[in-house]
Every structure is written in C-alpha cells, then in structure tokens.
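Shown below: my_file_15.cif, with mmCIF, C-alpha atoms.
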data_entry
#
loop_
_atom_site.label_atom_id
_atom_site.label_comp_id
_atom_site.auth_asym_id
_atom_site.auth_seq_id
_atom_site.Cartn_x
_atom_site.Cartn_y
_atom_site.Cartn_z
CA MET A 30 -5.87 -42.29 -5.63
CA PHE A 31 -2.70 -43.63 -7.12
CA LYS A 32 -0.79 -46.84 -6.69
CA ALA A 33 2.99 -46.47 -6.82
CA THR A 34 4.86 -49.64 -7.71
CA ILE A 35 8.46 -49.24 -6.63
CA LYS A 36 11.46 -51.36 -7.53
CA ILE A 37 14.64 -51.05 -5.48
CA VAL A 38 17.84 -52.78 -6.59
CA LEU A 39 21.44 -52.68 -5.47
CA ARG A 40 23.58 -50.49 -7.69
CA PRO A 41 25.49 -52.45 -10.37
CA SER A 42 28.80 -51.63 -8.65
CA ILE A 43 27.69 -53.32 -5.39
CA LEU A 44 28.26 -57.05 -5.04
CA ASP A 45 24.93 -58.73 -4.32
CA VAL A 46 26.00 -61.59 -2.05
CA GLN A 47 22.43 -62.82 -1.69
CA GLY A 48 22.01 -62.93 -5.47
CA LYS A 49 25.32 -64.75 -5.75
CA ALA A 50 24.22 -67.43 -3.25
CA VAL A 51 20.90 -67.90 -5.05
CA LEU A 52 22.77 -68.17 -8.39
CA HIS A 53 24.77 -71.07 -6.95
CA ALA A 54 21.53 -72.83 -6.00
CA VAL A 55 20.10 -72.20 -9.48
CA HIS A 56 23.24 -73.77 -10.99
CA ASP A 57 22.81 -76.73 -8.62
CA LEU A 58 19.29 -77.15 -10.04
CA GLY A 59 20.91 -77.66 -13.42
CA TYR A 60 20.33 -74.27 -15.03
CA ALA A 61 23.89 -73.80 -16.18
CA GLY A 62 22.85 -70.96 -18.47
CA ALA A 63 21.79 -68.71 -15.58
CA ASP A 64 24.44 -66.05 -15.68
CA GLN A 65 23.56 -63.45 -13.06
CA ILE A 66 21.01 -62.91 -10.31
CA ARG A 67 20.30 -59.61 -8.59
CA ILE A 68 17.80 -59.46 -5.78
CA GLY A 69 15.81 -56.34 -4.99
CA LYS A 70 12.68 -55.12 -3.26
CA HIS A 71 9.19 -54.57 -4.57
CA VAL A 72 7.13 -51.99 -2.67
CA GLU A 73 3.57 -50.84 -3.35
CA VAL A 74 2.29 -47.58 -1.89
CA ILE A 75 -1.30 -46.43 -2.21
CA LEU A 76 -1.43 -42.66 -2.16
CA ASN A 77 -4.63 -40.84 -1.40
CA VAL A 78 -3.81 -37.81 -3.56
CA ALA A 79 -5.76 -36.52 -6.55
CA ASP A 80 -2.99 -35.15 -8.72
CA LYS A 81 -0.49 -37.35 -10.58
CA ALA A 82 2.34 -34.83 -10.35
CA GLU A 83 1.84 -34.65 -6.59
CA ALA A 84 1.77 -38.46 -6.32
CA HIS A 85 5.03 -38.55 -8.28
CA ARG A 86 6.63 -35.96 -6.01
CA GLN A 87 5.58 -37.75 -2.83
CA THR A 88 6.67 -41.20 -4.07
CA ASP A 89 10.05 -39.85 -5.10
CA GLU A 90 10.52 -38.26 -1.66
CA ILE A 91 9.49 -41.44 0.17
CA CYS A 92 12.01 -43.43 -1.88
CA LYS A 93 14.83 -40.94 -1.33
CA LYS A 94 14.21 -40.43 2.37
CA LEU A 95 13.41 -43.96 3.48
CA LEU A 96 12.79 -46.82 1.06
CA ALA A 97 16.14 -46.70 -0.74
CA ASN A 98 19.61 -45.88 0.51
CA THR A 99 20.99 -44.19 -2.57
CA VAL A 100 24.58 -44.84 -1.52
CA MET A 101 24.02 -48.47 -2.51
CA GLU A 102 20.59 -48.72 -4.13
CA ASP A 103 18.77 -47.39 -7.20
CA TYR A 104 15.01 -47.10 -7.39
CA THR A 105 12.42 -46.78 -10.14
CA PHE A 106 8.66 -46.56 -9.91
CA THR A 107 5.48 -46.42 -11.94
CA LEU A 108 2.20 -44.74 -11.00
CA GLU A 109 -1.24 -46.04 -11.81
CA GLN A 110 -4.52 -44.27 -11.09
CA ILE A 111 -6.89 -46.46 -9.09
CA MET B 14 35.42 -34.86 38.95
CA ASP B 15 31.71 -34.94 38.19
CA LYS B 16 30.36 -38.12 36.74
CA LEU B 17 29.55 -38.22 33.06
CA LYS B 18 25.87 -38.34 32.16
CA VAL B 19 25.41 -41.06 29.59
CA GLY B 20 22.14 -41.70 27.75
CA VAL B 21 21.67 -45.19 26.29
CA ILE B 22 18.94 -45.16 23.66
CA GLN B 23 16.42 -48.02 23.69
CA PHE B 24 14.70 -48.89 20.44
CA PRO B 25 12.18 -51.70 20.13
CA GLY B 26 14.55 -54.58 19.34
CA SER B 27 17.65 -53.18 21.07
CA ASN B 28 19.31 -56.01 22.98
CA CYS B 29 22.68 -54.65 24.12
CA ASP B 30 21.16 -51.71 26.01
CA HIS B 31 21.60 -53.27 29.46
CA ASP B 32 25.16 -54.39 28.64
CA ALA B 33 25.88 -50.75 27.84
CA VAL B 34 24.28 -49.58 31.10
CA HIS B 35 26.43 -52.12 33.00
CA ALA B 36 29.62 -51.01 31.24
CA TRP B 37 28.98 -47.28 31.79
CA GLY B 38 27.47 -47.67 35.27
CA GLU B 39 28.79 -50.52 37.42
CA ILE B 40 32.08 -50.88 35.55
CA SER B 41 32.98 -47.30 34.63
CA GLY B 42 31.23 -45.60 37.56
CA GLN B 43 29.33 -43.01 35.52
CA ASP B 44 25.70 -41.82 35.66
CA VAL B 45 23.78 -43.68 33.03
CA LYS B 46 20.13 -43.69 32.04
CA LEU B 47 18.04 -45.43 29.41
CA ILE B 48 16.20 -43.20 26.94
CA TRP B 49 13.16 -44.66 25.16
CA HIS B 50 12.97 -44.14 21.39
CA LYS B 51 9.75 -42.11 21.68
CA GLU B 52 11.41 -39.47 23.86
CA SER B 53 11.96 -36.11 22.25
CA ASP B 54 14.28 -34.82 24.96
CA LEU B 55 17.72 -36.21 25.78
CA GLY B 56 18.06 -34.20 28.98
CA ASP B 57 21.50 -32.89 29.93
CA VAL B 58 23.55 -35.88 28.73
CA ASP B 59 27.26 -35.60 27.91
CA LEU B 60 27.20 -38.62 25.65
CA VAL B 61 24.65 -40.66 23.71
CA PHE B 62 25.20 -44.39 23.24
CA LEU B 63 23.27 -46.26 20.54
CA PRO B 64 23.41 -49.93 21.49
CA GLY B 65 23.37 -53.08 19.39
CA GLY B 66 20.35 -55.16 18.57
CA PHE B 67 17.76 -55.33 15.84
CA SER B 68 15.93 -52.02 16.04
CA TYR B 69 12.47 -52.24 14.47
CA GLY B 70 13.25 -55.83 13.49
CA ASP B 71 15.85 -54.68 10.95
CA TYR B 72 12.90 -54.13 8.60
CA LEU B 73 13.63 -52.47 5.24
CA ARG B 74 17.37 -52.04 5.99
CA CYS B 75 19.25 -52.25 9.29
CA GLY B 76 18.85 -48.90 11.03
CA ALA B 77 16.66 -47.35 8.32
CA ILE B 78 13.52 -47.01 10.42
CA ALA B 79 15.31 -46.05 13.64
CA LYS B 80 16.68 -43.05 11.78
CA TYR B 81 13.20 -41.47 11.80
CA SER B 82 12.30 -42.26 15.41
CA PRO B 83 11.55 -39.18 17.57
CA VAL B 84 14.68 -39.63 19.69
CA MET B 85 16.97 -39.78 16.65
CA LYS B 86 15.90 -36.27 15.60
CA GLU B 87 17.29 -35.13 18.94
CA VAL B 88 20.42 -37.28 18.60
CA ILE B 89 21.10 -35.76 15.16
CA ARG B 90 20.63 -32.27 16.63
CA PHE B 91 22.86 -33.16 19.63
CA ALA B 92 25.63 -34.44 17.33
CA GLY B 93 25.26 -31.38 15.13
CA LYS B 94 26.03 -29.19 18.13
CA GLY B 95 29.19 -31.21 18.81
CA GLY B 96 27.69 -33.69 21.31
CA MET B 97 29.48 -37.01 21.54
CA VAL B 98 27.73 -40.08 20.16
CA ILE B 99 28.82 -43.73 20.04
CA GLY B 100 27.01 -46.34 17.97
CA VAL B 101 27.88 -49.99 18.38
CA CYS B 102 26.78 -52.68 15.93
CA ASN B 103 23.13 -51.83 15.13
CA GLY B 104 23.93 -48.42 16.62
CA PHE B 105 26.67 -48.00 13.98
CA GLN B 106 24.20 -49.02 11.27
CA ILE B 107 21.75 -46.39 12.55
CA LEU B 108 24.48 -43.70 12.49
CA LEU B 109 25.23 -44.57 8.86
CA GLU B 110 21.55 -44.48 7.86
CA ALA B 111 21.12 -41.18 9.72
CA GLY B 112 24.03 -39.70 7.81
CA LEU B 113 26.04 -38.95 10.96
CA LEU B 114 28.80 -41.17 9.56
CA PRO B 115 29.58 -41.86 5.88
CA GLY B 116 29.06 -45.18 4.09
CA VAL B 117 26.67 -48.14 4.31
CA MET B 118 26.61 -51.69 5.67
CA LEU B 119 26.15 -54.61 3.30
CA PRO B 120 25.49 -58.22 4.35
CA ASN B 121 28.66 -60.04 5.42
CA ASP B 122 30.38 -61.41 2.32
CA SER B 123 30.06 -64.95 3.74
CA LEU B 124 26.30 -64.38 4.15
CA LYS B 125 26.70 -65.81 7.65
CA PHE B 126 25.91 -64.18 10.97
CA ILE B 127 29.31 -63.92 12.67
CA CYS B 128 29.46 -64.21 16.45
CA LYS B 129 32.99 -64.48 17.82
CA THR B 130 35.86 -62.57 19.38
CA VAL B 131 38.07 -60.92 16.78
CA ASN B 132 41.41 -59.15 16.67
CA LEU B 133 41.21 -55.44 16.08
CA LYS B 134 43.99 -53.04 15.24
CA VAL B 135 43.73 -49.64 16.88
CA THR B 136 44.46 -47.65 13.74
CA THR B 137 44.68 -44.25 15.37
CA THR B 138 44.75 -42.96 18.92
CA ASN B 139 44.17 -39.46 17.63
CA SER B 140 40.47 -39.62 18.54
CA ARG B 141 38.32 -38.98 21.59
CA PHE B 142 37.35 -42.65 21.59
CA THR B 143 40.73 -44.39 21.30
CA SER B 144 43.24 -42.15 23.08
CA ASP B 145 43.61 -44.68 25.91
CA TYR B 146 45.09 -47.28 23.52
CA GLN B 147 48.46 -47.38 21.74
CA THR B 148 48.57 -46.83 17.98
CA GLY B 149 48.82 -50.20 16.27
CA GLN B 150 47.80 -52.07 19.44
CA VAL B 151 45.91 -55.30 18.78
CA ILE B 152 42.88 -55.84 21.00
CA GLN B 153 40.31 -58.63 21.31
CA ILE B 154 36.64 -57.65 21.18
CA PRO B 155 33.58 -59.72 20.21
CA VAL B 156 31.44 -59.14 17.14
CA ALA B 157 27.90 -60.37 16.51
CA HIS B 158 26.40 -59.26 13.23
CA GLY B 159 25.00 -60.34 9.89
CA GLU B 160 25.46 -57.01 8.12
CA GLY B 161 28.80 -55.53 9.01
CA ASN B 162 30.42 -55.36 5.59
CA TYR B 163 31.38 -51.68 5.52
CA PHE B 164 31.14 -50.12 2.10
CA ALA B 165 31.77 -46.61 0.83
CA GLY B 166 32.84 -45.16 -2.51
CA ASP B 167 36.50 -44.49 -3.32
CA ASP B 168 36.22 -40.77 -2.56
CA THR B 169 34.75 -41.45 0.89
CA ILE B 170 37.39 -44.08 1.69
CA LYS B 171 40.15 -41.67 0.68
CA SER B 172 38.61 -38.92 2.78
CA LEU B 173 38.41 -41.27 5.80
CA GLN B 174 42.12 -42.04 5.39
CA ASP B 175 43.15 -38.44 4.75
CA HIS B 176 41.38 -37.24 7.90
CA ASP B 177 42.55 -40.11 10.12
CA GLN B 178 38.94 -41.24 10.67
CA ILE B 179 39.52 -45.01 10.65
CA VAL B 180 39.83 -46.06 14.31
CA PHE B 181 39.56 -49.87 14.26
CA GLN B 182 40.38 -52.49 11.59
CA TYR B 183 39.97 -56.27 11.59
CA CYS B 184 43.43 -57.82 11.70
CA GLU B 185 45.61 -60.86 12.39
CA PRO B 186 46.96 -61.39 15.94
CA ASP B 187 50.16 -59.61 14.84
CA GLY B 188 48.23 -56.60 13.58
CA SER B 189 48.58 -57.27 9.86
CA LEU B 190 45.55 -56.47 7.74
CA THR B 191 44.76 -59.53 5.64
CA ASP B 192 41.72 -60.71 3.66
CA GLN B 193 41.62 -63.71 5.99
CA SER B 194 41.16 -61.55 9.06
CA ASN B 195 38.61 -59.31 7.32
CA ILE B 196 35.69 -61.28 8.74
CA ASN B 197 32.86 -59.64 6.83
CA GLY B 198 34.45 -58.22 3.67
CA SER B 199 34.61 -54.58 4.80
CA ARG B 200 36.55 -52.16 2.66
CA LEU B 201 40.05 -51.70 4.12
CA ASN B 202 39.08 -54.12 6.95
CA ILE B 203 37.18 -51.22 8.54
CA ALA B 204 35.58 -52.06 11.90
CA GLY B 205 35.12 -48.54 13.29
CA ILE B 206 35.24 -44.93 12.12
CA VAL B 207 34.80 -41.45 13.54
CA SER B 208 33.12 -38.45 11.95
CA LYS B 209 35.26 -35.74 10.38
CA SER B 210 34.28 -33.47 13.28
CA GLY B 211 35.53 -36.16 15.67
CA ASN B 212 32.49 -36.29 17.99
CA VAL B 213 30.70 -39.35 16.54
CA MET B 214 32.06 -42.90 16.44
CA GLY B 215 30.57 -46.09 15.06
CA MET B 216 32.04 -49.56 15.43
CA MET B 217 30.70 -53.06 14.69
CA PRO B 218 32.56 -54.90 17.52
CA HIS B 219 31.08 -54.63 21.01
CA PRO B 220 33.40 -52.88 23.49
CA GLU B 221 30.67 -53.08 26.16
CA ARG B 222 30.95 -56.88 26.02
CA ALA B 223 34.67 -56.75 26.78
CA VAL B 224 34.91 -54.77 30.00
CA GLU B 225 35.85 -57.36 32.64
CA SER B 226 38.01 -60.44 32.60
CA VAL B 227 35.08 -62.70 33.49
CA LEU B 228 33.72 -61.84 30.03
CA GLY B 229 36.93 -63.14 28.44
CA SER B 230 38.43 -59.75 27.67
CA ASN B 231 38.55 -56.27 29.14
CA ASN B 232 40.03 -54.75 26.01
CA GLY B 233 36.89 -52.72 25.37
CA LEU B 234 37.52 -50.60 28.46
CA GLY B 235 39.85 -48.35 26.49
CA VAL B 236 36.90 -46.87 24.60
CA PHE B 237 35.15 -45.97 27.87
CA LYS B 238 38.31 -44.61 29.48
CA SER B 239 39.17 -42.51 26.42
CA VAL B 240 35.74 -40.86 26.41
CA ILE B 241 35.74 -40.29 30.17
CA SER B 242 39.14 -38.64 30.12
CA TYR B 243 38.26 -36.50 27.10
CA ILE B 244 35.04 -35.16 28.61
CA SER B 245 36.45 -34.65 32.12
CA GLU B 246 39.50 -32.79 30.80
CA LYS B 247 37.25 -30.55 28.74
CA VAL B 248 35.13 -29.54 31.75
#
As a first step, turn the structure in this file into structure tokens.
Amino acid sequence: MFKATIKIVLRPSILDVQGKAVLHAVHDLGYAGADQIRIGKHVEVILNVADKAEAHRQTDEICKKLLANTVMEDYTFTLEQI
Amino acid sequence: MDKLKVGVIQFPGSNCDHDAVHAWGEISGQDVKLIWHKESDLGDVDLVFLPGGFSYGDYLRCGAIAKYSPVMKEVIRFAGKGGMVIGVCNGFQILLEAGLLPGVMLPNDSLKFICKTVNLKVTTTNSRFTSDYQTGQVIQIPVAHGEGNYFAGDDTIKSLQDHDQIVFQYCEPDGSLTDQSNINGSRLNIAGIVSKSGNVMGMMPHPERAVESVLGSNNGLGVFKSVISYISEKV
C-alpha cells in the first residue's frame, strides 16, 4: 500500500483572489511583512497497489484527470509506502 | 413543424432544472424531459440543456465531478457527433471541465456571490444560439454565481475572437465594454461562448430566468427562439 500526498496550487500566472483576501486579513493582524499568500489543496490518497511505479502512474492519472485542472493548476505529489 | 425534443440533465445539486423545463415547455412549447445523471442513454433528443445549480456540491472544483457522471459520457459523445448542447451557469462550468468548451472559471474577482440582472452585449448573431438577436444588441438577463470569472490563455482568447466564438459580453447599458460592467473579472468581459464547431454554447447568465415579463425580462427568449429556428430549418 502507498499513501500519495498531493499538493495542488493555482499556477503562478493566475490571480489567487482568495489568497489576496486572506493576505489583507493577515496585514490587518499586524503582520506587515507578509508579502504573498497562495492557497491550494492538500489531498491524500491511499492506494492498494504493491508496486511504487504503478502507484506513481495511478496517482499522476488521478491528478491529471480529476484532482487538478491543468489549465489553471499545478500539482506535485510524494509517495510513501505504508 | 415537429416539436424539438429537449433533454434537461439533472445532477444532484442542480437547482435551475425546473426553470429550464418551464422555459422549454410551457413558454417555448417544445417537448422537454428531465434526464437523471445516472442515465446512460439520452434517448432521441435534439438538444441537451445543462442547467445551473451546484452539481455534487461544487466539491473539488465547480463541475469537476459532474464531468465523470454516467450521463456526461453520453453528452460528450452526443456533442462529438454534432448534437447541440447548452450549458448555463453551473452547466457552463461543467462544459469547461468536460473540455467541450475551452477555458476555466475562477472565483469572481470580488470574491462575492453575484445575484442580479446584468446588461449583456450580443457580440455575434452568427451562431445557432443568438441568431434571433441583433448584433450589438444590449439585453438584460440575470446572473447568480460565485465562480464566473472566465479565464483562458492568450492563444485561446485569440482563437475565440478569430473564430467569432464569443456570443455574450458583460457591458454598460449603451453596450460599451468597461471594467465597471465586467461583474466578475472575466477576460474580455466574456459571459458566453460557443465551440469552434458551433454546436455547444455555455453562458453564465440565465436566459431561462428571463422568458416572460412577469420575471422582469423576456430577453432570454432569443436564445430559445434561435435554437428552435435553427433545428426546425435543418429538418
């Protein structure tokens, strides 16, 4: 079994309005040094497969097909045997 | 003339499905049926209508999960064969996620859910969905969305322009395209587009909510009339 830990973020070229709004709130809290906030998604998938290469292939497909919309988002993931 | 057979798709979370049935049925006088998202057969429909709402709770991304519902496989096949498809609001978001139209929807730049009647410029009448209007005509149709900020890369935007695929744009009452009238921050004030092949249209404003004067506007009727005259002339 493998656990895939997936991080999905908006591409740098896309304005993250949610991040921008949160940045305003962080400034209001007094953290003037906070310069940028980007908000993304954290997804964990447990895969009942024996082979790491296969787990990698399946995770990549799941990301491409469903979890991320690659027009606006980038994804990265790590795999850990469990 | 035979009546059009219209299929309105119902996803869990659709909430404009019955408005669409009313607009196609009682108002436009066509045969209309609801098609549940688990169906894998559309029947002999002439047109598929994806209504607004919050399909699958808008989980993950608006429209992302609907894309893989059994009925959408059939809708994608239907569109691929040249079948006509309209997606309104969440239906437009589903068409983008399904790749039937180019681009994506981002959250409105104001981060607010916008629910009001807006001015729309009919950018082209050279489409099966807008031929009943006049080019440049300004119409009033309501919007109700939190993620209607249309985004696409420069190449896609240029291609949309080059192929006359932009059908509706947010505008001032006089038809001018300003940042002020661009309610959600969409590129080029885009409110609705058609596919390059011309048989698929997505729009964020709700034409089905503007089909009789008691609703405050009947400016949405043009979309229905355009489609009806296109399909009946073809037969």
- Query: Which polymer residues have any atom within 10 Å of an atom of Met85 of chain B, counting all atoms listed in the file, with same-chain residues fewer than 2 positions away left out, as a count of residues only?
  - Reply: 20
- Task: Evaluate the PyMOL selection byres ((chain B) within 12 of (chain A)) on the structure here and hand back the selected residues as a PyMOL selection string.
- Result: chain B and resi 72-81+109-112+115-125+160+162-167+169+197-199
- Item | Residues matched by the PyMOL selection byres ((chain B and resi 223) around 9), written as a ChimeraX atom specification | /B:36,153-155,219-222,224-234
- Task: Taking the file as shown, find all residues satisfying the PyMOL selection byres ((chain A and resi 67) around 6) and write them as a list in words.
- Result: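 Matching residues under the PyMOL selection byres ((chain A and resi 67) around 6) are Gly48, Ile66 and Ile68 of chain A.
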- Task: Work out how far atom CA of Asp57 of chain B is from atom CA of Val19 of chain B, in Å to one decimal.
- Result: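 Interatomic distance, atom CA of Val19 of chain B to atom CA of Asp57 of chain B: 9.1 Å.
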- Message: Taking 4 positions as the minimum chain separation for residues in the same chain, which residues sit within 10 Å of segment 73-82 of chain A when counting only C-alpha atoms? Answer as a list in words.
- Response: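 Counting only the stated atoms, we get Met30, Phe31, Lys32, Ala33, Thr34, Ile35, Lys36, Arg86, Gln87, Thr88, Ile91, Phe106, Thr107, Leu108, Glu109, Gln110 and Ile111 of chain A.
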Output file for the selection above: C-alpha atoms, as a PDB file, in the frame of the given file:
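Resulting contents of again.pdb:
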ATOM      1  CA  MET A  30      -5.870 -42.290  -5.630  1.00  0.00           C
ATOM      2  CA  PHE A  31      -2.700 -43.630  -7.120  1.00  0.00           C
ATOM      3  CA  LYS A  32      -0.790 -46.840  -6.690  1.00  0.00           C
ATOM      4  CA  ALA A  33       2.990 -46.470  -6.820  1.00  0.00           C
ATOM      5  CA  THR A  34       4.860 -49.640  -7.710  1.00  0.00           C
ATOM      6  CA  ILE A  35       8.460 -49.240  -6.630  1.00  0.00           C
ATOM      7  CA  LYS A  36      11.460 -51.360  -7.530  1.00  0.00           C
ATOM      8  CA  ARG A  86       6.630 -35.960  -6.010  1.00  0.00           C
ATOM      9  CA  GLN A  87       5.580 -37.750  -2.830  1.00  0.00           C
ATOM     10  CA  THR A  88       6.670 -41.200  -4.070  1.00  0.00           C
ATOM     11  CA  ILE A  91       9.490 -41.440   0.170  1.00  0.00           C
ATOM     12  CA  PHE A 106       8.660 -46.560  -9.910  1.00  0.00           C
ATOM     13  CA  THR A 107       5.480 -46.420 -11.940  1.00  0.00           C
ATOM     14  CA  LEU A 108       2.200 -44.740 -11.000  1.00  0.00           C
ATOM     15  CA  GLU A 109      -1.240 -46.040 -11.810  1.00  0.00           C
ATOM     16  CA  GLN A 110      -4.520 -44.270 -11.090  1.00  0.00           C
ATOM     17  CA  ILE A 111      -6.890 -46.460  -9.090  1.00  0.00           C
TER      18      ILE A 111
END
- Residue nearest Asn195 of chain B among B:Gln178, B:Gln147, B:Val131, B:Lys209 (counting only C-alpha atoms):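 Selected residue with least distance to Asn195 of chain B: B:Val131.
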- Item | Contacts of Gly42 of chain B at 12 Å (only C-alpha atoms; same-chain gap of 2+ positions) as a ChimeraX atom specification | /B:14-19,34-40,44-45,237-238,241
For segment 49-71 of chain A, where the input has fewer atoms than it should, I would like N, CA, C and O atoms rebuilt and written as a compact mmCIF listing (two decimals), keeping the file's coordinate frame.
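Output contents, as saved in rebuild_29.txt:
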# COMPACT_ATOMS: atom_id res chain seq x y z
N LYS A 49 24.26 -63.81 -5.40
CA LYS A 49 25.32 -64.75 -5.75
C LYS A 49 25.01 -66.14 -5.16
O LYS A 49 25.17 -67.17 -5.83
N ALA A 50 24.54 -66.16 -3.90
CA ALA A 50 24.22 -67.43 -3.25
C ALA A 50 23.06 -68.12 -3.96
O ALA A 50 23.07 -69.34 -4.16
N VAL A 51 22.06 -67.33 -4.36
CA VAL A 51 20.90 -67.90 -5.05
C VAL A 51 21.34 -68.43 -6.43
O VAL A 51 20.88 -69.49 -6.87
N LEU A 52 22.26 -67.71 -7.08
CA LEU A 52 22.77 -68.17 -8.39
C LEU A 52 23.41 -69.55 -8.26
O LEU A 52 23.21 -70.42 -9.12
N HIS A 53 24.17 -69.75 -7.18
CA HIS A 53 24.77 -71.07 -6.95
C HIS A 53 23.70 -72.14 -6.89
O HIS A 53 23.83 -73.21 -7.50
N ALA A 54 22.62 -71.85 -6.16
CA ALA A 54 21.53 -72.83 -6.00
C ALA A 54 20.87 -73.10 -7.35
O ALA A 54 20.50 -74.24 -7.65
N VAL A 55 20.72 -72.04 -8.15
CA VAL A 55 20.10 -72.20 -9.48
C VAL A 55 20.99 -73.09 -10.35
O VAL A 55 20.50 -73.97 -11.07
N HIS A 56 22.31 -72.89 -10.24
CA HIS A 56 23.24 -73.77 -10.99
C HIS A 56 23.10 -75.22 -10.51
O HIS A 56 23.11 -76.15 -11.31
N ASP A 57 22.96 -75.39 -9.18
CA ASP A 57 22.81 -76.73 -8.62
C ASP A 57 21.54 -77.41 -9.16
O ASP A 57 21.48 -78.63 -9.26
N LEU A 58 20.53 -76.59 -9.48
CA LEU A 58 19.29 -77.15 -10.04
C LEU A 58 19.47 -77.58 -11.50
O LEU A 58 18.58 -78.17 -12.08
N GLY A 59 20.62 -77.23 -12.06
CA GLY A 59 20.91 -77.66 -13.42
C GLY A 59 20.77 -76.57 -14.47
O GLY A 59 20.93 -76.83 -15.66
N TYR A 60 20.47 -75.35 -14.05
CA TYR A 60 20.33 -74.27 -15.03
C TYR A 60 21.68 -73.58 -15.25
O TYR A 60 21.93 -72.49 -14.75
N ALA A 61 22.53 -74.28 -16.01
CA ALA A 61 23.89 -73.80 -16.18
C ALA A 61 23.92 -72.47 -16.92
O ALA A 61 24.88 -71.70 -16.81
N GLY A 62 22.87 -72.20 -17.69
CA GLY A 62 22.85 -70.96 -18.47
C GLY A 62 22.55 -69.72 -17.65
O GLY A 62 22.75 -68.61 -18.12
N ALA A 63 22.07 -69.89 -16.41
CA ALA A 63 21.79 -68.71 -15.58
C ALA A 63 23.11 -68.00 -15.31
O ALA A 63 24.06 -68.59 -14.80
N ASP A 64 23.16 -66.73 -15.68
CA ASP A 64 24.44 -66.05 -15.68
C ASP A 64 24.58 -65.08 -14.52
O ASP A 64 25.68 -64.87 -13.99
N GLN A 65 23.48 -64.47 -14.10
CA GLN A 65 23.56 -63.45 -13.06
C GLN A 65 22.23 -63.37 -12.34
O GLN A 65 21.19 -63.50 -12.99
N ILE A 66 22.26 -63.15 -11.04
CA ILE A 66 21.01 -62.91 -10.31
C ILE A 66 21.21 -61.71 -9.41
O ILE A 66 22.20 -61.62 -8.68
N ARG A 67 20.30 -60.77 -9.50
CA ARG A 67 20.30 -59.61 -8.59
C ARG A 67 18.97 -59.63 -7.86
O ARG A 67 17.91 -59.81 -8.48
N ILE A 68 19.02 -59.42 -6.57
CA ILE A 68 17.80 -59.46 -5.78
C ILE A 68 17.47 -58.05 -5.29
O ILE A 68 18.37 -57.32 -4.84
N GLY A 69 16.21 -57.69 -5.42
CA GLY A 69 15.81 -56.34 -4.99
C GLY A 69 14.53 -56.39 -4.18
O GLY A 69 14.12 -57.44 -3.71
N LYS A 70 13.92 -55.21 -4.03
CA LYS A 70 12.68 -55.12 -3.26
C LYS A 70 11.58 -54.56 -4.13
O LYS A 70 11.81 -53.71 -4.98
N HIS A 71 10.37 -55.06 -3.87
CA HIS A 71 9.19 -54.57 -4.57
C HIS A 71 8.28 -53.94 -3.51
O HIS A 71 7.93 -54.59 -2.53
